[in-house]
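Trainee: Next comes upload27.txt, compact mmCIF, C-alpha atoms and all ligand atoms:
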```txt
# COMPACT_ATOMS: atom_id res chain seq x y z
CA MET K 1 -54.30 55.40 -17.42
CA ALA K 2 -56.67 55.39 -14.49
CA ASP K 3 -55.42 57.15 -11.36
CA ASP K 4 -55.62 54.02 -9.23
CA LEU K 5 -53.27 52.22 -11.67
CA ASP K 6 -50.86 55.17 -11.72
CA ASN K 7 -50.75 55.23 -7.93
CA LEU K 8 -50.21 51.47 -7.75
CA ALA K 9 -47.47 51.68 -10.41
CA VAL K 10 -45.57 54.34 -8.46
CA ALA K 11 -45.96 52.61 -5.08
CA ALA K 12 -45.10 49.14 -6.42
CA GLY K 13 -42.13 50.46 -8.43
CA ALA K 14 -40.75 52.13 -5.30
CA ALA K 15 -41.25 48.98 -3.20
CA VAL K 16 -39.46 46.80 -5.79
CA ALA K 17 -36.58 49.26 -6.05
CA ALA K 18 -36.35 49.34 -2.25
CA ALA K 19 -36.17 45.52 -1.83
CA ASP K 20 -32.70 45.01 -0.31
CA SER K 21 -32.55 41.21 -0.49
CA LEU K 22 -33.74 38.43 -2.77
CA ALA K 23 -36.16 37.34 -0.04
CA ALA K 24 -37.66 40.84 0.31
CA LEU K 25 -37.98 41.04 -3.49
CA GLU K 26 -39.77 37.71 -3.59
CA ASP K 27 -42.21 39.01 -0.92
CA GLN K 28 -42.96 42.00 -3.17
CA ARG K 29 -43.46 39.77 -6.21
CA VAL K 30 -45.95 37.62 -4.31
CA ALA K 31 -47.79 40.72 -2.97
CA LEU K 32 -48.18 42.11 -6.53
CA LEU K 33 -48.27 39.17 -8.93
CA GLY K 34 -48.94 36.14 -6.70
CA LYS K 35 -52.22 34.27 -6.60
CA ASN K 36 -53.68 36.80 -4.14
CA GLY K 37 -51.55 39.73 -5.31
CA SER K 38 -52.95 43.20 -5.89
CA VAL K 39 -52.31 43.21 -9.69
CA THR K 40 -53.73 39.70 -9.96
CA GLY K 41 -56.83 41.00 -8.15
CA LEU K 42 -57.21 43.76 -10.79
CA LEU K 43 -57.03 41.18 -13.56
CA LYS K 44 -59.67 39.05 -11.87
CA ALA K 45 -61.95 42.10 -11.55
CA LEU K 46 -61.96 42.51 -15.36
CA GLY K 47 -64.34 39.53 -15.63
CA GLY K 48 -67.25 41.50 -14.14
CA MET K 49 -66.89 44.52 -16.47
CA GLU K 50 -68.72 45.61 -19.62
CA PRO K 51 -66.81 44.62 -22.82
CA GLU K 52 -65.90 48.21 -23.85
CA ALA K 53 -64.66 49.27 -20.46
CA ARG K 54 -62.90 45.91 -19.99
CA LYS K 55 -60.90 46.39 -23.19
CA ALA K 56 -59.30 49.69 -22.17
CA ARG K 57 -58.91 48.67 -18.52
CA GLY K 58 -57.51 45.23 -19.47
CA ALA K 59 -54.83 46.76 -21.70
CA ALA K 60 -53.80 49.14 -18.91
CA VAL K 61 -53.66 46.42 -16.21
CA ASN K 62 -51.65 44.08 -18.46
CA HIS K 63 -49.30 46.94 -19.29
CA LEU K 64 -48.84 47.51 -15.55
CA LYS K 65 -48.25 43.79 -14.95
CA ALA K 66 -45.61 43.65 -17.71
CA ALA K 67 -43.85 46.75 -16.38
CA LEU K 68 -43.76 45.38 -12.82
CA THR K 69 -42.56 41.94 -13.98
CA GLU K 70 -39.68 43.59 -15.81
CA ALA K 71 -38.86 45.82 -12.82
CA ILE K 72 -38.79 42.77 -10.51
CA GLU K 73 -36.51 40.83 -12.87
CA SER K 74 -34.04 43.64 -13.27
CA ARG K 75 -34.01 44.22 -9.48
CA ARG K 76 -33.42 40.45 -9.04
CA ALA K 77 -30.44 40.59 -11.42
CA VAL K 78 -28.92 43.47 -9.43
CA LEU K 79 -29.44 41.67 -6.09
CA GLU K 80 -28.00 38.39 -7.41
CA GLN K 81 -24.99 40.19 -8.77
CA SER K 82 -24.25 41.87 -5.45
CA ALA K 83 -24.88 38.59 -3.52
CA LEU K 84 -22.31 36.88 -5.75
CA ALA K 85 -19.83 39.72 -5.30
CA ALA K 86 -20.28 39.48 -1.52
CA ARG K 87 -19.71 35.72 -1.58
CA LEU K 88 -16.60 36.04 -3.73
CA ALA K 89 -15.20 38.61 -1.34
CA ALA K 90 -16.04 36.49 1.73
CA GLU K 91 -14.68 33.21 0.32
CA ARG K 92 -11.56 34.70 -1.18
CA ILE K 93 -8.56 32.34 -0.89
CA ASP K 94 -5.10 33.80 -0.49
CA ILE K 95 -3.07 31.51 -2.71
CA SER K 96 0.10 33.30 -1.76
CA ALA K 97 -0.20 32.15 1.89
CA PRO K 98 2.41 29.49 2.80
CA PRO K 99 0.89 25.98 3.29
CA ARG K 100 0.71 24.43 6.72
CA PRO K 101 3.57 21.90 6.90
CA GLU K 102 2.28 18.32 6.68
CA SER K 103 4.38 15.25 7.50
CA PRO K 104 4.69 12.87 4.53
CA GLY K 105 5.35 10.01 7.00
CA ALA K 106 8.19 7.54 6.55
CA ILE K 107 8.63 4.09 5.04
CA HIS K 108 9.51 1.54 7.76
CA PRO K 109 13.05 0.14 7.31
CA ILE K 110 11.63 -3.41 6.97
CA SER K 111 9.30 -2.29 4.17
CA ARG K 112 12.18 -0.42 2.58
CA THR K 113 14.42 -3.51 2.57
CA MET K 114 11.60 -5.57 1.01
CA ASP K 115 11.19 -2.88 -1.67
CA GLU K 116 14.94 -2.91 -2.38
CA ILE K 117 15.01 -6.73 -2.58
CA ALA K 118 12.02 -6.67 -4.96
CA ALA K 119 13.77 -4.06 -7.14
CA ILE K 120 17.00 -6.08 -7.36
CA PHE K 121 15.39 -9.46 -8.07
CA GLY K 122 12.84 -7.75 -10.31
CA ALA K 123 15.72 -6.63 -12.52
CA GLN K 124 16.81 -10.29 -12.69
CA GLY K 125 13.35 -11.26 -14.00
CA PHE K 126 11.79 -12.50 -10.73
CA THR K 127 8.14 -11.82 -9.91
CA ILE K 128 6.50 -11.79 -6.46
CA ARG K 129 4.16 -14.40 -4.97
CA GLN K 130 2.45 -14.15 -1.59
CA GLY K 131 0.36 -16.46 0.59
CA PRO K 132 -1.45 -16.81 3.93
CA ASP K 133 0.16 -16.57 7.40
CA VAL K 134 -1.70 -19.70 8.55
CA GLU K 135 -0.67 -22.94 6.83
CA ASP K 136 -1.23 -26.61 7.40
CA ASP K 137 1.76 -28.70 8.33
CA TRP K 138 2.01 -30.51 4.99
CA PHE K 139 2.71 -27.23 3.14
CA ALA K 140 4.95 -25.99 5.95
CA PHE K 141 6.94 -29.19 6.51
CA GLY K 142 5.87 -32.36 4.71
CA ALA K 143 6.17 -31.08 1.14
CA LEU K 144 9.60 -29.66 2.02
CA ASN K 145 11.05 -33.08 2.87
CA ILE K 146 11.20 -32.11 6.55
CA PRO K 147 10.71 -35.39 8.45
CA GLY K 148 8.24 -35.81 11.31
CA HIS K 149 10.98 -35.85 13.94
CA HIS K 150 12.80 -32.74 12.62
CA PRO K 151 13.49 -30.15 15.37
CA ALA K 152 11.87 -27.38 13.27
CA ARG K 153 8.53 -29.11 13.78
CA ALA K 154 8.95 -29.12 17.55
CA MET K 155 6.35 -27.33 19.62
CA MET K 156 9.08 -25.06 20.94
CA ASP K 157 9.85 -23.55 17.52
CA THR K 158 6.54 -23.55 15.68
CA PHE K 159 3.22 -22.00 16.75
CA TYR K 160 0.56 -24.69 16.38
CA LEU K 161 -3.03 -23.41 16.23
CA ARG K 162 -5.93 -25.10 17.95
CA ALA K 163 -8.19 -24.54 14.90
CA ALA K 164 -11.35 -26.65 15.16
CA GLY K 165 -10.92 -29.74 12.99
CA GLY K 166 -7.47 -28.53 11.90
CA HIS K 167 -6.57 -26.75 8.70
CA ASN K 168 -7.56 -28.84 5.66
CA GLY K 169 -7.87 -31.67 8.20
CA ARG K 170 -4.18 -31.32 9.08
CA PRO K 171 -2.59 -29.43 12.00
CA ALA K 172 -2.57 -25.64 11.41
CA VAL K 173 0.58 -23.60 12.06
CA LEU K 174 1.68 -19.99 11.82
CA ARG K 175 4.14 -20.38 8.95
CA PRO K 176 7.74 -20.58 10.25
CA HIS K 177 9.05 -19.71 6.73
CA THR K 178 7.44 -18.68 3.44
CA SER K 179 8.26 -21.95 1.62
CA ALA K 180 4.60 -23.03 1.48
CA VAL K 181 4.04 -20.27 -1.08
CA GLN K 182 6.75 -21.75 -3.33
CA ILE K 183 5.15 -25.20 -2.85
CA ARG K 184 1.77 -23.82 -3.97
CA THR K 185 3.40 -22.07 -6.91
CA MET K 186 5.08 -25.29 -8.10
CA LEU K 187 1.75 -27.12 -7.74
CA SER K 188 -0.26 -24.54 -9.67
CA GLU K 189 2.17 -23.18 -12.29
CA THR K 190 4.37 -24.83 -14.87
CA PRO K 191 8.12 -24.16 -15.17
CA PRO K 192 10.01 -22.03 -15.92
CA ILE K 193 9.41 -20.49 -12.47
CA ARG K 194 11.36 -17.49 -11.18
CA ILE K 195 9.78 -16.02 -8.04
CA ILE K 196 10.53 -14.33 -4.74
CA VAL K 197 8.23 -14.60 -1.74
CA PRO K 198 8.50 -11.84 0.87
CA GLY K 199 6.36 -12.02 3.99
CA ARG K 200 5.75 -12.42 7.70
CA THR K 201 6.94 -15.55 9.45
CA PHE K 202 6.53 -16.78 13.03
CA ARG K 203 8.62 -18.73 15.53
CA SER K 204 8.34 -19.21 19.25
CA ASP K 205 11.43 -17.23 20.20
CA HIS K 206 11.98 -13.80 21.77
CA ASP K 207 15.20 -11.92 22.62
CA ALA K 208 17.44 -9.16 21.20
CA THR K 209 18.04 -11.14 17.99
CA HIS K 210 14.77 -13.14 17.73
CA SER K 211 11.19 -11.95 17.46
CA PRO K 212 8.11 -14.25 17.45
CA MET K 213 7.06 -12.41 14.25
CA PHE K 214 9.74 -11.58 11.70
CA HIS K 215 10.12 -11.27 7.94
CA GLN K 216 11.75 -13.41 5.30
CA VAL K 217 12.27 -13.44 1.58
CA GLU K 218 12.67 -16.76 -0.14
CA GLY K 219 13.42 -17.26 -3.82
CA LEU K 220 12.79 -20.14 -6.20
CA VAL K 221 13.98 -20.79 -9.75
CA ILE K 222 12.89 -23.92 -11.67
CA GLY K 223 13.84 -24.77 -15.26
CA THR K 224 15.31 -27.47 -17.49
CA ASP K 225 18.89 -26.16 -17.43
CA ILE K 226 19.39 -24.55 -14.01
CA THR K 227 22.74 -25.18 -12.31
CA LEU K 228 24.66 -24.22 -9.19
CA ALA K 229 26.39 -21.58 -11.33
CA HIS K 230 23.03 -19.79 -11.76
CA LEU K 231 22.49 -19.89 -8.00
CA LYS K 232 25.92 -18.39 -7.35
CA GLY K 233 25.65 -15.65 -9.98
CA CYS K 234 22.15 -14.71 -8.87
CA LEU K 235 23.04 -14.40 -5.18
CA ILE K 236 26.44 -12.70 -5.69
CA ASP K 237 24.75 -10.07 -7.88
CA PHE K 238 21.97 -9.65 -5.32
CA LEU K 239 24.30 -9.17 -2.32
CA ARG K 240 26.56 -6.71 -4.15
CA ALA K 241 23.54 -4.67 -5.32
CA TYR K 242 21.85 -4.73 -1.89
CA PHE K 243 24.93 -3.52 0.00
CA GLY K 244 25.96 -1.20 -2.84
CA LEU K 245 29.46 -2.76 -2.94
CA PRO K 246 30.48 -4.00 -6.45
CA ASP K 247 33.48 -5.87 -5.00
CA LEU K 248 31.79 -7.35 -1.90
CA PRO K 249 33.49 -10.71 -1.14
CA VAL K 250 30.94 -13.59 -1.19
CA ARG K 251 31.67 -17.16 -0.01
CA PHE K 252 29.57 -20.31 -0.48
CA ARG K 253 30.00 -22.85 2.31
CA ALA K 254 28.58 -26.39 2.27
CA SER K 255 25.69 -26.85 4.68
CA TYR K 256 22.54 -28.90 5.16
CA PHE K 257 18.81 -28.22 4.71
CA PRO K 258 16.27 -31.03 4.25
CA PHE K 259 14.73 -29.25 1.21
CA THR K 260 17.93 -28.65 -0.82
CA GLU K 261 20.76 -30.88 -2.02
CA PRO K 262 23.46 -29.72 -2.15
CA SER K 263 22.90 -26.93 0.38
CA MET K 264 25.05 -23.86 0.91
CA GLU K 265 25.28 -21.15 3.50
CA VAL K 266 26.33 -17.82 1.96
CA ASP K 267 28.81 -15.55 3.78
CA ILE K 268 29.94 -11.99 3.02
CA GLY K 269 33.23 -10.33 3.94
CA TRP K 270 33.23 -7.95 6.88
CA ASN K 271 35.27 -6.59 9.75
CA ARG K 272 33.99 -8.17 12.94
CA LYS K 273 35.57 -5.44 15.12
CA THR K 274 34.15 -2.37 13.30
CA GLY K 275 31.08 -4.03 11.81
CA GLU K 276 32.04 -2.68 8.37
CA ILE K 277 30.61 -4.76 5.52
CA GLY K 278 32.98 -5.60 2.66
CA ALA K 279 36.11 -4.77 4.65
CA GLY K 280 38.38 -6.87 6.84
CA THR K 281 39.07 -10.57 6.80
CA ASP K 282 36.11 -12.04 8.68
CA TRP K 283 33.06 -13.81 7.23
CA LEU K 284 29.45 -13.17 8.14
CA GLU K 285 26.67 -15.66 7.38
CA ILE K 286 23.92 -13.84 5.50
CA LEU K 287 21.61 -16.36 3.81
CA GLY K 288 20.90 -20.02 3.04
CA SER K 289 20.56 -21.63 -0.37
CA GLY K 290 20.74 -24.84 -2.37
CA MET K 291 19.55 -26.87 -5.33
CA VAL K 292 15.91 -27.88 -4.75
CA HIS K 293 15.79 -31.45 -3.38
CA ALA K 294 14.44 -34.05 -5.86
CA ASN K 295 11.86 -35.16 -3.24
CA VAL K 296 10.49 -31.59 -3.02
CA LEU K 297 10.14 -31.37 -6.82
CA ALA K 298 8.38 -34.75 -6.87
CA ASN K 299 6.07 -33.71 -3.98
CA CYS K 300 5.00 -30.77 -6.15
CA GLY K 301 4.36 -32.83 -9.28
CA ILE K 302 7.53 -31.69 -11.05
CA ASP K 303 9.65 -34.43 -12.67
CA PRO K 304 13.11 -34.29 -11.04
CA GLY K 305 14.51 -36.10 -14.10
CA ALA K 306 13.49 -33.25 -16.40
CA TYR K 307 13.72 -30.15 -14.15
CA GLN K 308 16.18 -28.69 -11.67
CA GLY K 309 16.14 -25.51 -9.65
CA PHE K 310 17.65 -23.50 -6.86
CA ALA K 311 16.16 -21.84 -3.80
CA PHE K 312 17.31 -19.47 -1.13
CA GLY K 313 16.03 -17.81 2.01
CA MET K 314 17.05 -14.80 4.07
CA GLY K 315 15.90 -12.82 7.09
CA ILE K 316 14.83 -9.24 6.32
CA GLU K 317 15.46 -7.91 9.84
CA ARG K 318 19.06 -9.11 9.78
CA LEU K 319 19.74 -7.63 6.32
CA THR K 320 18.25 -4.32 7.49
CA MET K 321 20.21 -4.25 10.77
CA LEU K 322 23.47 -4.91 8.95
CA LYS K 323 22.92 -2.26 6.29
CA HIS K 324 21.77 0.51 8.65
CA GLY K 325 23.65 -0.30 11.86
CA ILE K 326 20.55 -1.10 13.92
CA ALA K 327 21.63 -2.97 17.06
CA ASP K 328 18.44 -4.39 18.57
CA LEU K 329 15.75 -6.19 16.58
CA ARG K 330 13.01 -5.17 19.01
CA LEU K 331 13.23 -1.53 17.86
CA PHE K 332 11.56 -2.54 14.58
CA TYR K 333 8.29 -3.35 16.34
CA GLU K 334 8.02 -0.62 19.00
CA SER K 335 6.40 1.98 16.70
CA ASP K 336 8.39 4.74 18.41
CA THR K 337 7.83 7.66 16.02
CA ARG K 338 11.18 9.26 16.97
CA TRP K 339 12.95 6.05 15.92
CA LEU K 340 10.81 5.75 12.77
CA THR K 341 11.54 9.38 11.84
CA HIS K 342 15.26 8.72 12.19
CA TYR K 343 15.47 5.29 10.51
CA GLY K 344 12.50 5.61 8.12
CA PHE K 345 12.74 6.44 4.42
CA SER K 346 11.05 9.14 2.38
CA PRO K 347 8.02 7.87 0.43
CA LEU K 348 9.03 10.38 -2.27
CA ASN K 349 12.30 8.50 -2.86
CA PRO K 350 11.34 4.93 -3.84
CA ALA K 351 13.73 2.00 -3.73
CA SER K 352 15.58 1.39 -6.96
CA LEU K 353 18.40 -0.67 -8.40
CA THR K 354 20.82 2.25 -8.10
CA GLU K 355 20.35 2.27 -4.31
CA GLY K 356 23.88 2.34 -2.98
CA LEU K 357 25.50 3.96 -6.02
C1 LIG F 401 17.65 -19.64 5.58
C2 LIG F 401 17.62 -20.71 4.58
C3 LIG F 401 16.46 -21.50 2.70
C4 LIG F 401 15.08 -22.51 1.04
C5 LIG F 401 15.23 -21.66 2.12
C6 LIG F 401 13.34 -23.64 -0.26
C7 LIG F 401 12.01 -23.62 -0.58
C8 LIG F 401 11.52 -24.63 -1.38
C9 LIG F 401 12.33 -25.60 -1.85
C10 LIG F 401 13.65 -25.57 -1.49
CL1 LIG F 401 9.87 -24.64 -1.76
N1 LIG F 401 14.13 -24.61 -0.71
N2 LIG F 401 13.82 -22.65 0.52
C11 LIG F 401 16.19 -23.18 0.53
C12 LIG F 401 17.43 -22.99 1.13
C13 LIG F 401 17.56 -22.16 2.23
O1 LIG F 401 16.51 -20.64 3.77
O2 LIG F 401 18.60 -19.52 6.27
N3 LIG F 401 16.62 -18.81 5.65
C14 LIG F 401 16.56 -17.70 6.57
```
Any chance you could give the structure as structure tokens?
Ligand code: 2NL

Mentor:
Amino acid sequence: MADDLDNLAVAAGAAVAAADSLAALEDQRVALLGKNGSVTGLLKALGGMEPEARKARGAAVNHLKAALTEAIESRRAVLEQSALAARLAAERIDISAPPRPESPGAIHPISRTMDEIAAIFGAQGFTIRQGPDVEDDWFAFGALNIPGHHPARAMMDTFYLRAAGGHNGRPAVLRPHTSAVQIRTMLSETPPIRIIVPGRTFRSDHDATHSPMFHQVEGLVIGTDITLAHLKGCLIDFLRAYFGLPDLPVRFRASYFPFTEPSMEVDIGWNRKTGEIGAGTDWLEILGSGMVHANVLANCGIDPGAYQGFAFGMGIERLTMLKHGIADLRLFYESDTRWLTHYGFSPLNPASLTEGL
């Protein structure tokens, strides 16, 4: 091989071996084999040579090019390997290090009670329906057989909204109970119906036992053979499951609601002095119920001659306060994290039927 090629081979080989980074190696490759590289220049020079001389010289230059290409590739492999090793060392994760503690948060007691109620009625075959907070006054009152002069309609109890043109052309209200959802369900589904409706409700009232926004669950069962006995069995089972007391005394007391006939208030046994549920000789009113009024069925397109049903309604705050000994309703809405940490429930321990057992 010509001396100039030998010298270039030695110098270029040393430079490639000395490249200490992928970038430096790439610079060398460009200097040797790039468009204006020294070896590329030698190849270009072959064009001006005599055929005989070109043959020997061309073989030697191509041999040099192949040797340098291989040297660059093997140097690249070494550099890539050590770059990877460096990265693995730098990004090493110590999986034996203890994790930073992270709060799982807590389920609000109101949400927890709704979950428990859903679990208990779910086991009785009920499904859940929900609806909007803003209703028009036919769904909130008219369909429920609540007459125009009824005190529940009074401005003092119900929030009326000044919606432009009204809601469906009728006055709009913040729903004072969830019954409108049952009305819609009766209008859009065919019996048998077996639903509960949990949700926010609103009344113009504010003190230690009343909040302008509170929560209710109502229930509705419609069929061709539904009796007061079904109502009683359903609610006795619910109350005993909710309070976790298989022998909880339950009393049905005649009452009046415009949307049920007959109507019954439901009481549970407790000790007024100690507040203990299921003990003592006193009675505590806990929910309202009754057989759905024939006018309500008819308003919803259900033939009262062929179908009967029962309905009930209860306040979630009250049920929660009684079960957990919470004295003031306003605590539910203050978002005090110390209170929520104390009274909240673990999200890893979901509500189930076996709650109090
Ligand atoms: C209470 C009493 C009650 C109902 C709610 C109802 C709904 C329809 C038809 C008939 Cl669509 N009734 N709901 C019935 C009886 C009582 O609630 O004290 N709630 C806190």

Trainee: Grab me every residue within 6 Å of ligand LIG 401 (chain F), counting all atoms listed in the file, and send it over as a CSV table (one decimal) with C-alpha atoms, in the frame of the given file.

Mentor:
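File produced: out.csv:
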```
chain,number,residue,atom,x,y,z
K,179,SER,CA,8.3,-22.0,1.6
K,182,GLN,CA,6.8,-21.8,-3.3
K,183,ILE,CA,5.2,-25.2,-2.8
K,218,GLU,CA,12.7,-16.8,-0.1
K,259,PHE,CA,14.7,-29.2,1.2
K,260,THR,CA,17.9,-28.6,-0.8
K,287,LEU,CA,21.6,-16.4,3.8
K,288,GLY,CA,20.9,-20.0,3.0
K,289,SER,CA,20.6,-21.6,-0.4
K,290,GLY,CA,20.7,-24.8,-2.4
K,292,VAL,CA,15.9,-27.9,-4.8
K,311,ALA,CA,16.2,-21.8,-3.8
K,312,PHE,CA,17.3,-19.5,-1.1
K,313,GLY,CA,16.0,-17.8,2.0
K,314,MET,CA,17.0,-14.8,4.1
K,315,GLY,CA,15.9,-12.8,7.1
```

Trainee: Can you work out which one of K:Val39, K:Ala53, K:Ala143, K:Ala86 has the shortest atom-to-atom distance to Lys65 in chain K, counting all atoms listed in the file?

Mentor: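 The closest residue to Lys65 in chain K is K:Val39.
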
Trainee: With all atoms of range 11-15 of chain K from the file as input, state the centre and edge lengths in Å to one decimal of the axis-aligned box that has 4 Å extra on each side, as lines of an AutoDock Vina configuration file.

Mentor:
```
center_x = -43.4
center_y = 50.8
center_z = -5.8
size_x = 13.2
size_y = 11.6
size_z = 13.2
```

Trainee: Which polymer residues have any atom within 12 Å of an atom of Leu33 in chain K, counting all atoms listed in the file, with same-chain residues fewer than 6 positions away left out, as a PyMOL selection string?

Mentor: chain K and resi 12+25-27+39-44+61-62+64-70+72

Trainee: Counting only C-alpha atoms, find the residues whose atoms lie at most 10 Å from (10.5, -31.5, 5.2) (file coordinates) and write them out as an mmCIF file with C-alpha atoms, in the frame of the given file.

Mentor:
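Output below, filename selection.cif:
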```cif
data_model
loop_
_atom_site.group_PDB
_atom_site.id
_atom_site.type_symbol
_atom_site.label_atom_id
_atom_site.label_comp_id
_atom_site.auth_asym_id
_atom_site.auth_seq_id
_atom_site.Cartn_x
_atom_site.Cartn_y
_atom_site.Cartn_z
ATOM 1 C CA ASP K 137 1.760 -28.700 8.330
ATOM 2 C CA TRP K 138 2.010 -30.510 4.990
ATOM 3 C CA PHE K 139 2.710 -27.230 3.140
ATOM 4 C CA ALA K 140 4.950 -25.990 5.950
ATOM 5 C CA PHE K 141 6.940 -29.190 6.510
ATOM 6 C CA GLY K 142 5.870 -32.360 4.710
ATOM 7 C CA ALA K 143 6.170 -31.080 1.140
ATOM 8 C CA LEU K 144 9.600 -29.660 2.020
ATOM 9 C CA ASN K 145 11.050 -33.080 2.870
ATOM 10 C CA ILE K 146 11.200 -32.110 6.550
ATOM 11 C CA PRO K 147 10.710 -35.390 8.450
ATOM 12 C CA GLY K 148 8.240 -35.810 11.310
ATOM 13 C CA HIS K 149 10.980 -35.850 13.940
ATOM 14 C CA HIS K 150 12.800 -32.740 12.620
ATOM 15 C CA ALA K 152 11.870 -27.380 13.270
ATOM 16 C CA ARG K 153 8.530 -29.110 13.780
ATOM 17 C CA PHE K 257 18.810 -28.220 4.710
ATOM 18 C CA PRO K 258 16.270 -31.030 4.250
ATOM 19 C CA PHE K 259 14.730 -29.250 1.210
ATOM 20 C CA THR K 260 17.930 -28.650 -0.820
ATOM 21 C CA ASN K 295 11.860 -35.160 -3.240
ATOM 22 C CA VAL K 296 10.490 -31.590 -3.020
#
```

Trainee: Output as a PDB file, in the coordinates of the input: range 83-97 of chain K, completed with N, CA, C and O atoms.

Mentor:
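So result-v1.pdb came out as:
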```
ATOM      1  N   ALA K  83     -25.041  39.744  -4.409  1.00  0.00           N
ATOM      2  CA  ALA K  83     -24.880  38.590  -3.520  1.00  0.00           C
ATOM      3  C   ALA K  83     -23.642  37.784  -3.935  1.00  0.00           C
ATOM      4  O   ALA K  83     -22.850  37.331  -3.104  1.00  0.00           O
ATOM      5  N   LEU K  84     -23.476  37.615  -5.242  1.00  0.00           N
ATOM      6  CA  LEU K  84     -22.310  36.880  -5.750  1.00  0.00           C
ATOM      7  C   LEU K  84     -21.020  37.613  -5.403  1.00  0.00           C
ATOM      8  O   LEU K  84     -20.057  37.006  -4.923  1.00  0.00           O
ATOM      9  N   ALA K  85     -21.033  38.938  -5.607  1.00  0.00           N
ATOM     10  CA  ALA K  85     -19.830  39.720  -5.300  1.00  0.00           C
ATOM     11  C   ALA K  85     -19.479  39.603  -3.825  1.00  0.00           C
ATOM     12  O   ALA K  85     -18.304  39.459  -3.459  1.00  0.00           O
ATOM     13  N   ALA K  86     -20.526  39.598  -2.963  1.00  0.00           N
ATOM     14  CA  ALA K  86     -20.280  39.480  -1.520  1.00  0.00           C
ATOM     15  C   ALA K  86     -19.681  38.119  -1.188  1.00  0.00           C
ATOM     16  O   ALA K  86     -18.761  37.994  -0.378  1.00  0.00           O
ATOM     17  N   ARG K  87     -20.218  37.068  -1.837  1.00  0.00           N
ATOM     18  CA  ARG K  87     -19.710  35.720  -1.580  1.00  0.00           C
ATOM     19  C   ARG K  87     -18.271  35.581  -2.029  1.00  0.00           C
ATOM     20  O   ARG K  87     -17.426  35.004  -1.348  1.00  0.00           O
ATOM     21  N   LEU K  88     -17.978  36.121  -3.223  1.00  0.00           N
ATOM     22  CA  LEU K  88     -16.600  36.040  -3.730  1.00  0.00           C
ATOM     23  C   LEU K  88     -15.641  36.743  -2.801  1.00  0.00           C
ATOM     24  O   LEU K  88     -14.537  36.265  -2.545  1.00  0.00           O
ATOM     25  N   ALA K  89     -16.080  37.871  -2.247  1.00  0.00           N
ATOM     26  CA  ALA K  89     -15.200  38.610  -1.340  1.00  0.00           C
ATOM     27  C   ALA K  89     -15.011  37.826  -0.042  1.00  0.00           C
ATOM     28  O   ALA K  89     -13.902  37.719   0.479  1.00  0.00           O
ATOM     29  N   ALA K  90     -16.108  37.201   0.453  1.00  0.00           N
ATOM     30  CA  ALA K  90     -16.040  36.490   1.730  1.00  0.00           C
ATOM     31  C   ALA K  90     -15.228  35.201   1.613  1.00  0.00           C
ATOM     32  O   ALA K  90     -14.519  34.809   2.537  1.00  0.00           O
ATOM     33  N   GLU K  91     -15.329  34.522   0.459  1.00  0.00           N
ATOM     34  CA  GLU K  91     -14.680  33.210   0.320  1.00  0.00           C
ATOM     35  C   GLU K  91     -13.340  33.306  -0.397  1.00  0.00           C
ATOM     36  O   GLU K  91     -12.794  32.302  -0.837  1.00  0.00           O
ATOM     37  N   ARG K  92     -12.828  34.493  -0.494  1.00  0.00           N
ATOM     38  CA  ARG K  92     -11.560  34.700  -1.180  1.00  0.00           C
ATOM     39  C   ARG K  92     -10.460  33.854  -0.540  1.00  0.00           C
ATOM     40  O   ARG K  92     -10.353  33.781   0.680  1.00  0.00           O
ATOM     41  N   ILE K  93      -9.669  33.161  -1.385  1.00  0.00           N
ATOM     42  CA  ILE K  93      -8.560  32.340  -0.890  1.00  0.00           C
ATOM     43  C   ILE K  93      -7.252  33.019  -1.250  1.00  0.00           C
ATOM     44  O   ILE K  93      -7.032  33.385  -2.407  1.00  0.00           O
ATOM     45  N   ASP K  94      -6.402  33.178  -0.244  1.00  0.00           N
ATOM     46  CA  ASP K  94      -5.100  33.800  -0.490  1.00  0.00           C
ATOM     47  C   ASP K  94      -4.117  32.726  -0.917  1.00  0.00           C
ATOM     48  O   ASP K  94      -3.554  32.021  -0.091  1.00  0.00           O
ATOM     49  N   ILE K  95      -3.944  32.591  -2.238  1.00  0.00           N
ATOM     50  CA  ILE K  95      -3.070  31.510  -2.710  1.00  0.00           C
ATOM     51  C   ILE K  95      -1.607  31.824  -2.508  1.00  0.00           C
ATOM     52  O   ILE K  95      -0.744  30.985  -2.751  1.00  0.00           O
ATOM     53  N   SER K  96      -1.309  33.001  -2.026  1.00  0.00           N
ATOM     54  CA  SER K  96       0.100  33.300  -1.760  1.00  0.00           C
ATOM     55  C   SER K  96       0.479  32.930  -0.331  1.00  0.00           C
ATOM     56  O   SER K  96       1.638  32.959   0.049  1.00  0.00           O
ATOM     57  N   ALA K  97      -0.506  32.520   0.503  1.00  0.00           N
ATOM     58  CA  ALA K  97      -0.200  32.150   1.890  1.00  0.00           C
ATOM     59  C   ALA K  97       0.600  30.845   1.896  1.00  0.00           C
ATOM     60  O   ALA K  97       0.310  29.922   1.131  1.00  0.00           O
TER      61      ALA K  97
END
```
